[in-house]
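Worksheet for the structure shown next.
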Amino acid sequence: MLYRKVPKNEDELSVLGFGCMRLPIKEDGTIDEKRATNQVRYAIDHGVNYIDTAWPYHMGESEPFLGHALADGYRAKVKLATKLPSWLIKSREDMDSFLNAQLKRLNTDHIDYYLVHGLAGEVWDKLEPLGITDFLDEAKADGRIVNAGFSFHGSIEDFKWIVDAYPWKFCQIQYNFMDEKHQAGTEGLKYAASKSLGIIIMEPLLGGNLANRVPSEVKEIWNEASVKRTPAEWALRWIWNHPEVTTVLSGMSEEAQIEENLKTADEAYPNSLTEAELQLVSRVEQKYRQLIKIGCTGCQYCMPCPSGVSIPECFDIYNNLHMFGNVDGSKFAYAMRMSGAFTDSDPGGFASLCIECGQCMEKCPQSLKIPDLLKAVAEELEGPDFEQRLAMVRQSLRKTKPQNNTQD
């Protein structure tokens, strides 16, 4: 494992951090604690020393999970990061209440890296008069947090003045080869580095889109490389090639992903990609621009939808349709995932349920025009035979789903 220093405190952080937003789950949707604990501890045993979570991850279960997973001496081996849920803050007292609850949930007396979650200009404008800077100062002074930072989803203009609004030690930004000009982007990366901030990277694989189900047109470009790497390796190496980056977070839910990322992290030197390799990545980026219709990362910030639309799922299936061109397969996947058959619930989540209330747009880190995009999803994936497809899917799943047997 390679390590990079945070300029303002000289902490040496592993270049690979473990993001706890996409832990393995059981059939009932809860965290598979035994498997996830083994994964987290395996990563730590192999050099990962930065663990990231947040109040809402896994419906609020990620922090309590880590409180157990980091027992048996593992808490002392890592720098633990979590986040103040900025959207839930209504008063100065709320800030202390959430932090104190997080300390209890995480079974620790301090947070090494504490972030104000999901900042953008309007969010900072709300928090500043409520006393966010006093809160951070007091929490640092009494030892509940060690380093103060923020995660960011907004414009580059907002990013710069938030960087300058407080003596932050670090920041967390979305960055990958598709996002050089999105949100903070490369300009923000370099600006934060010029202010000596540690820089934590989230969404390095764009919600997995850059590693999973890679289109054949993209594979053809990757295959031209003289040094063969997986798409995930290419995406991560591209980020680590930037010397400004401190740590890259990966939401690893599969053991194979952990093994691959650990191996890649051993070679994650800055400025190590050749000019030819950088040009190859640029060509892949251009090809994706031609294929991906909706830049959704599946972060779930838009959820829950008051009308019941499963927004990220709708967009995921729609993007797959346009990347692979499998119309029948995509329509079947859409009907299956919206059928409710897996949970014995009524069908729901359809794009056509959208009433254009706009609440999702206020929360979307990608600034997507979600209602307009949902109309396009409905047009292509629903249609007059949608109810029939739903009925067929539910009937099929009922036949294969085990039934509960009872005896008198």
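A note on labels: chains of the structure tokens are A, B, ... as shown, every chain counts residues from 1, and ligands are counted from 1 in their shown order.
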Within 9 Å of range 164-187 of chain A, which residues of range 286-317 of chain A come that close, and what is the closest atom pair and distance in Å for each? Count only C-alpha atoms and give it as JSON lines.
```
{"residue": "A:Gln286", "atom": "CA", "partner": "A:Met178", "partner_atom": "CA", "distance": 8.7}
{"residue": "A:Tyr288", "atom": "CA", "partner": "A:Met178", "partner_atom": "CA", "distance": 8.3}
{"residue": "A:Arg289", "atom": "CA", "partner": "A:Met178", "partner_atom": "CA", "distance": 8.3}
```
Practice item. Write out as a VMD selection string the residues lying within 7 Å of range 47-57 of chain A, counting only C-alpha atoms and excluding same-chain residues fewer than 3 positions away. Key: chain A and resid 1 13 to 14 16 to 21 43 to 44 60 to 63 77 to 83 85
May I have the selected residues written with N, CA and C atoms, as a tab-separated table (two decimals), in the first residue's frame?
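Printed below is again22.tsv as written:
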```tsv
chain	number	residue	atom	x	y	z
A	1	MET	N	0.84	-1.20	0.00
A	1	MET	CA	0.00	0.00	0.00
A	1	MET	C	0.88	1.26	0.00
A	13	LEU	N	-2.03	8.97	4.83
A	13	LEU	CA	-3.24	8.22	4.55
A	13	LEU	C	-2.99	7.25	3.40
A	14	SER	N	-3.58	6.09	3.49
A	14	SER	CA	-3.50	5.13	2.40
A	14	SER	C	-4.14	5.72	1.16
A	16	LEU	N	-5.75	4.28	-1.00
A	16	LEU	CA	-7.06	3.66	-1.14
A	16	LEU	C	-7.80	3.75	0.18
A	17	GLY	N	-8.98	4.35	0.15
A	17	GLY	CA	-9.82	4.40	1.33
A	17	GLY	C	-11.03	3.49	1.15
A	18	PHE	N	-11.58	3.01	2.26
A	18	PHE	CA	-12.74	2.11	2.20
A	18	PHE	C	-14.00	2.93	2.44
A	19	GLY	N	-14.83	3.05	1.40
A	19	GLY	CA	-16.09	3.77	1.51
A	19	GLY	C	-17.20	2.82	1.93
A	20	CYS	N	-17.93	3.17	2.98
A	20	CYS	CA	-18.93	2.26	3.54
A	20	CYS	C	-20.35	2.65	3.17
A	21	MET	N	-20.56	3.03	1.90
A	21	MET	CA	-21.90	3.33	1.41
A	21	MET	C	-22.47	2.16	0.62
A	43	ALA	N	-9.15	-5.36	4.44
A	43	ALA	CA	-8.56	-4.17	3.82
A	43	ALA	C	-7.60	-3.48	4.77
A	44	ILE	N	-7.99	-3.37	6.04
A	44	ILE	CA	-7.12	-2.73	7.03
A	44	ILE	C	-5.84	-3.54	7.22
A	60	GLY	N	-28.94	4.45	7.60
A	60	GLY	CA	-28.51	4.74	8.95
A	60	GLY	C	-27.78	3.62	9.66
A	61	GLU	N	-27.52	2.50	8.98
A	61	GLU	CA	-26.90	1.35	9.63
A	61	GLU	C	-25.39	1.26	9.45
A	62	SER	N	-24.82	2.12	8.58
A	62	SER	CA	-23.39	2.01	8.30
A	62	SER	C	-22.55	2.40	9.51
A	63	GLU	N	-22.92	3.49	10.18
A	63	GLU	CA	-22.14	3.91	11.36
A	63	GLU	C	-22.20	2.87	12.48
A	77	LYS	N	-6.23	1.41	14.36
A	77	LYS	CA	-5.40	1.26	13.17
A	77	LYS	C	-5.80	2.21	12.04
A	78	VAL	N	-6.90	2.92	12.20
A	78	VAL	CA	-7.43	3.71	11.08
A	78	VAL	C	-7.74	5.15	11.47
A	79	LYS	N	-7.84	5.96	10.42
A	79	LYS	CA	-8.43	7.29	10.54
A	79	LYS	C	-9.89	7.15	10.12
A	80	LEU	N	-10.78	7.47	11.03
A	80	LEU	CA	-12.20	7.27	10.80
A	80	LEU	C	-12.85	8.58	10.37
A	81	ALA	N	-13.61	8.52	9.28
A	81	ALA	CA	-14.28	9.71	8.76
A	81	ALA	C	-15.78	9.49	8.72
A	82	THR	N	-16.53	10.49	9.19
A	82	THR	CA	-17.97	10.50	8.99
A	82	THR	C	-18.41	11.94	8.79
A	83	LYS	N	-19.74	12.15	8.64
A	83	LYS	CA	-20.19	13.44	8.14
A	83	LYS	C	-21.41	13.96	8.88
A	85	PRO	N	-24.87	15.50	8.82
A	85	PRO	CA	-25.92	15.56	7.78
A	85	PRO	C	-26.49	16.97	7.66
```
Check your understanding: Mind checking DSSP for range 60-160 of chain A and telling me the strand (DSSP E) residues as a ChimeraX atom specification?
Key -> /A:79-84,111-119,145-152
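Omitting Leu280 in chain A and its sequence neighbours fewer than 2 positions away, and counting only C-alpha atoms, the residues within 8 Å are Ile221, Trp222, Ala225, Ala276, Glu277, Leu278, Ser282, Arg283 and Val284 of chain A.
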Store the residues picked out above, limited to C-alpha atoms, as an mmCIF file, in the first residue's frame.
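File selection_18.cif, as written:
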```
data_model
loop_
_atom_site.group_PDB
_atom_site.id
_atom_site.type_symbol
_atom_site.label_atom_id
_atom_site.label_comp_id
_atom_site.auth_asym_id
_atom_site.auth_seq_id
_atom_site.Cartn_x
_atom_site.Cartn_y
_atom_site.Cartn_z
ATOM 1 C CA ILE A 221 -10.226 1.136 -26.867
ATOM 2 C CA TRP A 222 -8.939 -0.296 -23.571
ATOM 3 C CA ALA A 225 -3.191 -0.445 -24.537
ATOM 4 C CA ALA A 276 -0.050 7.621 -24.682
ATOM 5 C CA GLU A 277 -1.978 6.115 -21.783
ATOM 6 C CA LEU A 278 -3.505 9.472 -20.890
ATOM 7 C CA SER A 282 -9.286 10.604 -23.077
ATOM 8 C CA ARG A 283 -10.585 8.561 -26.005
ATOM 9 C CA VAL A 284 -12.575 6.358 -23.618
#
```
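Proximity to Ile156 in chain A was assessed for A:Lys219, A:Lys190, A:Lys263, A:Arg337 counting only C-alpha atoms; the smallest distance is recorded for A:Lys190.
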Point to revise | In range 255-294 of chain A, DSSP helix (DSSP H, G or I) residues written as a PyMOL selection string | key: chain A and resi 255-265+275-291
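The gap separating CA of Leu262 in chain A from CA of Leu106 in chain A is 25.0 Å, in Å to one decimal.
Residue neighbourhood of range 39-42 of chain A, excluding near-sequence residues (fewer than 2 positions): Phe18, Arg35, Ala36, Thr37, Ile44, Asp45, His46, Ala69, Leu70, Tyr74, Glu255 and Ile258 of chain A, at 8 Å, using only C-alpha atoms.
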May I have the residues from that selection written out with C-alpha atoms, as an mmCIF file, in the first residue's frame?
```cif
data_model
loop_
_atom_site.group_PDB
_atom_site.id
_atom_site.type_symbol
_atom_site.label_atom_id
_atom_site.label_comp_id
_atom_site.auth_asym_id
_atom_site.auth_seq_id
_atom_site.Cartn_x
_atom_site.Cartn_y
_atom_site.Cartn_z
ATOM 1 C CA PHE A 18 -12.739 2.109 2.200
ATOM 2 C CA ARG A 35 -19.105 -10.595 5.468
ATOM 3 C CA ALA A 36 -18.729 -6.792 5.577
ATOM 4 C CA THR A 37 -16.690 -6.981 8.794
ATOM 5 C CA ILE A 44 -7.115 -2.729 7.035
ATOM 6 C CA ASP A 45 -4.816 -5.720 7.471
ATOM 7 C CA HIS A 46 -3.515 -5.001 3.973
ATOM 8 C CA ALA A 69 -16.469 -3.871 12.822
ATOM 9 C CA LEU A 70 -13.698 -1.671 14.224
ATOM 10 C CA TYR A 74 -9.096 -2.121 14.545
ATOM 11 C CA GLU A 255 -13.945 -9.527 -2.174
ATOM 12 C CA ILE A 258 -10.953 -5.374 -2.697
#
```
Exercise for review: Would you kindly return, as a PyMOL selection string, each protein, DNA or RNA residue with an atom no farther than 12 Å from any atom of Trp124 in chain A, considering only C-alpha atoms and excluding same-chain residues fewer than 4 positions away?
Suggested key: chain A and resi 86-87+89+116-120+128-133+150-154+158-159+161-163+165-166
So that I have them on file, write out the residues from the current selection with N, CA and C atoms, as a PDB file, in the first residue's frame.
```
ATOM      1  N   SER A  86     -25.913  17.752   6.786  1.00  0.00           N
ATOM      2  CA  SER A  86     -26.211  19.188   6.708  1.00  0.00           C
ATOM      3  C   SER A  86     -27.685  19.471   6.430  1.00  0.00           C
ATOM      4  N   TRP A  87     -28.352  18.617   5.676  1.00  0.00           N
ATOM      5  CA  TRP A  87     -29.743  18.856   5.294  1.00  0.00           C
ATOM      6  C   TRP A  87     -30.709  18.686   6.462  1.00  0.00           C
ATOM      7  N   ILE A  89     -29.926  19.771   9.605  1.00  0.00           N
ATOM      8  CA  ILE A  89     -29.567  20.747  10.629  1.00  0.00           C
ATOM      9  C   ILE A  89     -30.514  21.937  10.600  1.00  0.00           C
ATOM     10  N   VAL A 116     -18.518  18.236   6.881  1.00  0.00           N
ATOM     11  CA  VAL A 116     -19.852  18.788   6.693  1.00  0.00           C
ATOM     12  C   VAL A 116     -20.329  18.223   5.361  1.00  0.00           C
ATOM     13  N   HIS A 117     -21.421  17.500   5.386  1.00  0.00           N
ATOM     14  CA  HIS A 117     -21.817  16.650   4.264  1.00  0.00           C
ATOM     15  C   HIS A 117     -22.542  17.425   3.166  1.00  0.00           C
ATOM     16  N   GLY A 118     -22.088  17.210   1.927  1.00  0.00           N
ATOM     17  CA  GLY A 118     -22.817  17.670   0.751  1.00  0.00           C
ATOM     18  C   GLY A 118     -22.939  19.172   0.600  1.00  0.00           C
ATOM     19  N   LEU A 119     -21.849  19.894   0.823  1.00  0.00           N
ATOM     20  CA  LEU A 119     -21.934  21.345   0.718  1.00  0.00           C
ATOM     21  C   LEU A 119     -22.085  21.820  -0.723  1.00  0.00           C
ATOM     22  N   ALA A 120     -22.835  22.874  -0.861  1.00  0.00           N
ATOM     23  CA  ALA A 120     -22.926  23.714  -2.050  1.00  0.00           C
ATOM     24  C   ALA A 120     -23.187  25.114  -1.506  1.00  0.00           C
ATOM     25  N   GLU A 128     -23.985  28.652   7.903  1.00  0.00           N
ATOM     26  CA  GLU A 128     -23.098  29.664   8.492  1.00  0.00           C
ATOM     27  C   GLU A 128     -23.786  30.503   9.561  1.00  0.00           C
ATOM     28  N   PRO A 129     -24.979  31.054   9.316  1.00  0.00           N
ATOM     29  CA  PRO A 129     -25.629  31.825  10.377  1.00  0.00           C
ATOM     30  C   PRO A 129     -26.099  30.986  11.560  1.00  0.00           C
ATOM     31  N   LEU A 130     -26.189  29.668  11.372  1.00  0.00           N
ATOM     32  CA  LEU A 130     -26.569  28.787  12.483  1.00  0.00           C
ATOM     33  C   LEU A 130     -25.391  28.484  13.404  1.00  0.00           C
ATOM     34  N   GLY A 131     -24.177  28.877  12.984  1.00  0.00           N
ATOM     35  CA  GLY A 131     -23.012  28.699  13.844  1.00  0.00           C
ATOM     36  C   GLY A 131     -22.147  27.505  13.528  1.00  0.00           C
ATOM     37  N   ILE A 132     -22.073  27.116  12.265  1.00  0.00           N
ATOM     38  CA  ILE A 132     -21.294  25.940  11.894  1.00  0.00           C
ATOM     39  C   ILE A 132     -19.803  26.099  12.216  1.00  0.00           C
ATOM     40  N   THR A 133     -19.265  27.291  12.023  1.00  0.00           N
ATOM     41  CA  THR A 133     -17.825  27.471  12.297  1.00  0.00           C
ATOM     42  C   THR A 133     -17.549  27.398  13.796  1.00  0.00           C
ATOM     43  N   PHE A 150     -15.025  19.067   4.488  1.00  0.00           N
ATOM     44  CA  PHE A 150     -16.366  19.076   3.900  1.00  0.00           C
ATOM     45  C   PHE A 150     -16.371  18.242   2.627  1.00  0.00           C
ATOM     46  N   SER A 151     -17.530  17.667   2.343  1.00  0.00           N
ATOM     47  CA  SER A 151     -17.731  17.035   1.042  1.00  0.00           C
ATOM     48  C   SER A 151     -18.550  18.002   0.200  1.00  0.00           C
ATOM     49  N   PHE A 152     -18.379  17.909  -1.113  1.00  0.00           N
ATOM     50  CA  PHE A 152     -18.894  18.986  -1.961  1.00  0.00           C
ATOM     51  C   PHE A 152     -19.644  18.463  -3.171  1.00  0.00           C
ATOM     52  N   HIS A 153     -20.795  19.098  -3.437  1.00  0.00           N
ATOM     53  CA  HIS A 153     -21.562  18.863  -4.653  1.00  0.00           C
ATOM     54  C   HIS A 153     -22.150  20.207  -5.087  1.00  0.00           C
ATOM     55  N   GLY A 154     -21.420  20.928  -5.893  1.00  0.00           N
ATOM     56  CA  GLY A 154     -21.902  22.236  -6.331  1.00  0.00           C
ATOM     57  C   GLY A 154     -21.032  22.773  -7.449  1.00  0.00           C
ATOM     58  N   ASP A 158     -18.761  28.147  -6.114  1.00  0.00           N
ATOM     59  CA  ASP A 158     -19.089  27.893  -4.711  1.00  0.00           C
ATOM     60  C   ASP A 158     -17.946  27.177  -4.013  1.00  0.00           C
ATOM     61  N   PHE A 159     -17.340  26.236  -4.706  1.00  0.00           N
ATOM     62  CA  PHE A 159     -16.268  25.456  -4.100  1.00  0.00           C
ATOM     63  C   PHE A 159     -15.134  26.361  -3.627  1.00  0.00           C
ATOM     64  N   TRP A 161     -15.078  29.582  -2.796  1.00  0.00           N
ATOM     65  CA  TRP A 161     -15.286  30.438  -1.626  1.00  0.00           C
ATOM     66  C   TRP A 161     -15.575  29.655  -0.364  1.00  0.00           C
ATOM     67  N   ILE A 162     -16.075  28.403  -0.491  1.00  0.00           N
ATOM     68  CA  ILE A 162     -16.215  27.563   0.694  1.00  0.00           C
ATOM     69  C   ILE A 162     -14.838  27.119   1.195  1.00  0.00           C
ATOM     70  N   VAL A 163     -13.933  26.799   0.268  1.00  0.00           N
ATOM     71  CA  VAL A 163     -12.558  26.478   0.661  1.00  0.00           C
ATOM     72  C   VAL A 163     -11.969  27.612   1.490  1.00  0.00           C
ATOM     73  N   ALA A 165     -13.627  29.832   3.256  1.00  0.00           N
ATOM     74  CA  ALA A 165     -14.505  30.318   4.320  1.00  0.00           C
ATOM     75  C   ALA A 165     -14.121  29.812   5.706  1.00  0.00           C
ATOM     76  N   TYR A 166     -13.223  28.829   5.779  1.00  0.00           N
ATOM     77  CA  TYR A 166     -12.869  28.229   7.061  1.00  0.00           C
ATOM     78  C   TYR A 166     -11.514  27.547   6.913  1.00  0.00           C
TER      79      TYR A 166
END
```
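Between Met361 in chain A and the candidates A:Trp234, A:Phe98, A:Tyr301, A:Tyr113, the tightest atom-to-atom separation, counting only C-alpha atoms, involves A:Tyr301.
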Practice item. Find the distance between CA of Met252 in chain A and CA of Tyr334 in chain A and write it in Å to one decimal. Key: 25.2 Å
Revision key, fill the gap. From the list A:Ile292, A:Leu205, A:Ile317, A:Val281, the nearest residue to Gly251 in chain A using only C-alpha atoms is A:Leu205
Sorted per-residue table, range 239-323 of chain A near range 207-210 of chain A, closest atoms and distance, 8 Å, only C-alpha atoms, as CSV:
```
residue,atom,partner,partner_atom,distance
A:Cys296,CA,A:Gly207,CA,7.9
A:Thr297,CA,A:Gly207,CA,4.4
A:Gly298,CA,A:Gly207,CA,6.0
A:Cys299,CA,A:Gly207,CA,7.4
```
Could you write out that same residue set with C-alpha atoms as a PDB file, in the first residue's frame?
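Result file again.pdb:
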```
ATOM      1  CA  CYS A 296     -26.554   9.548 -12.446  1.00  0.00           C
ATOM      2  CA  THR A 297     -24.120   8.032  -9.900  1.00  0.00           C
ATOM      3  CA  GLY A 298     -26.763   6.209  -7.866  1.00  0.00           C
ATOM      4  CA  CYS A 299     -25.941   8.198  -4.721  1.00  0.00           C
TER       5      CYS A 299
END
```
Exercise for review: State, in Å with one decimal place, the distance from CA of Asp28 in chain A to CA of Gln102 in chain A.
Suggested key: 24.7 Å
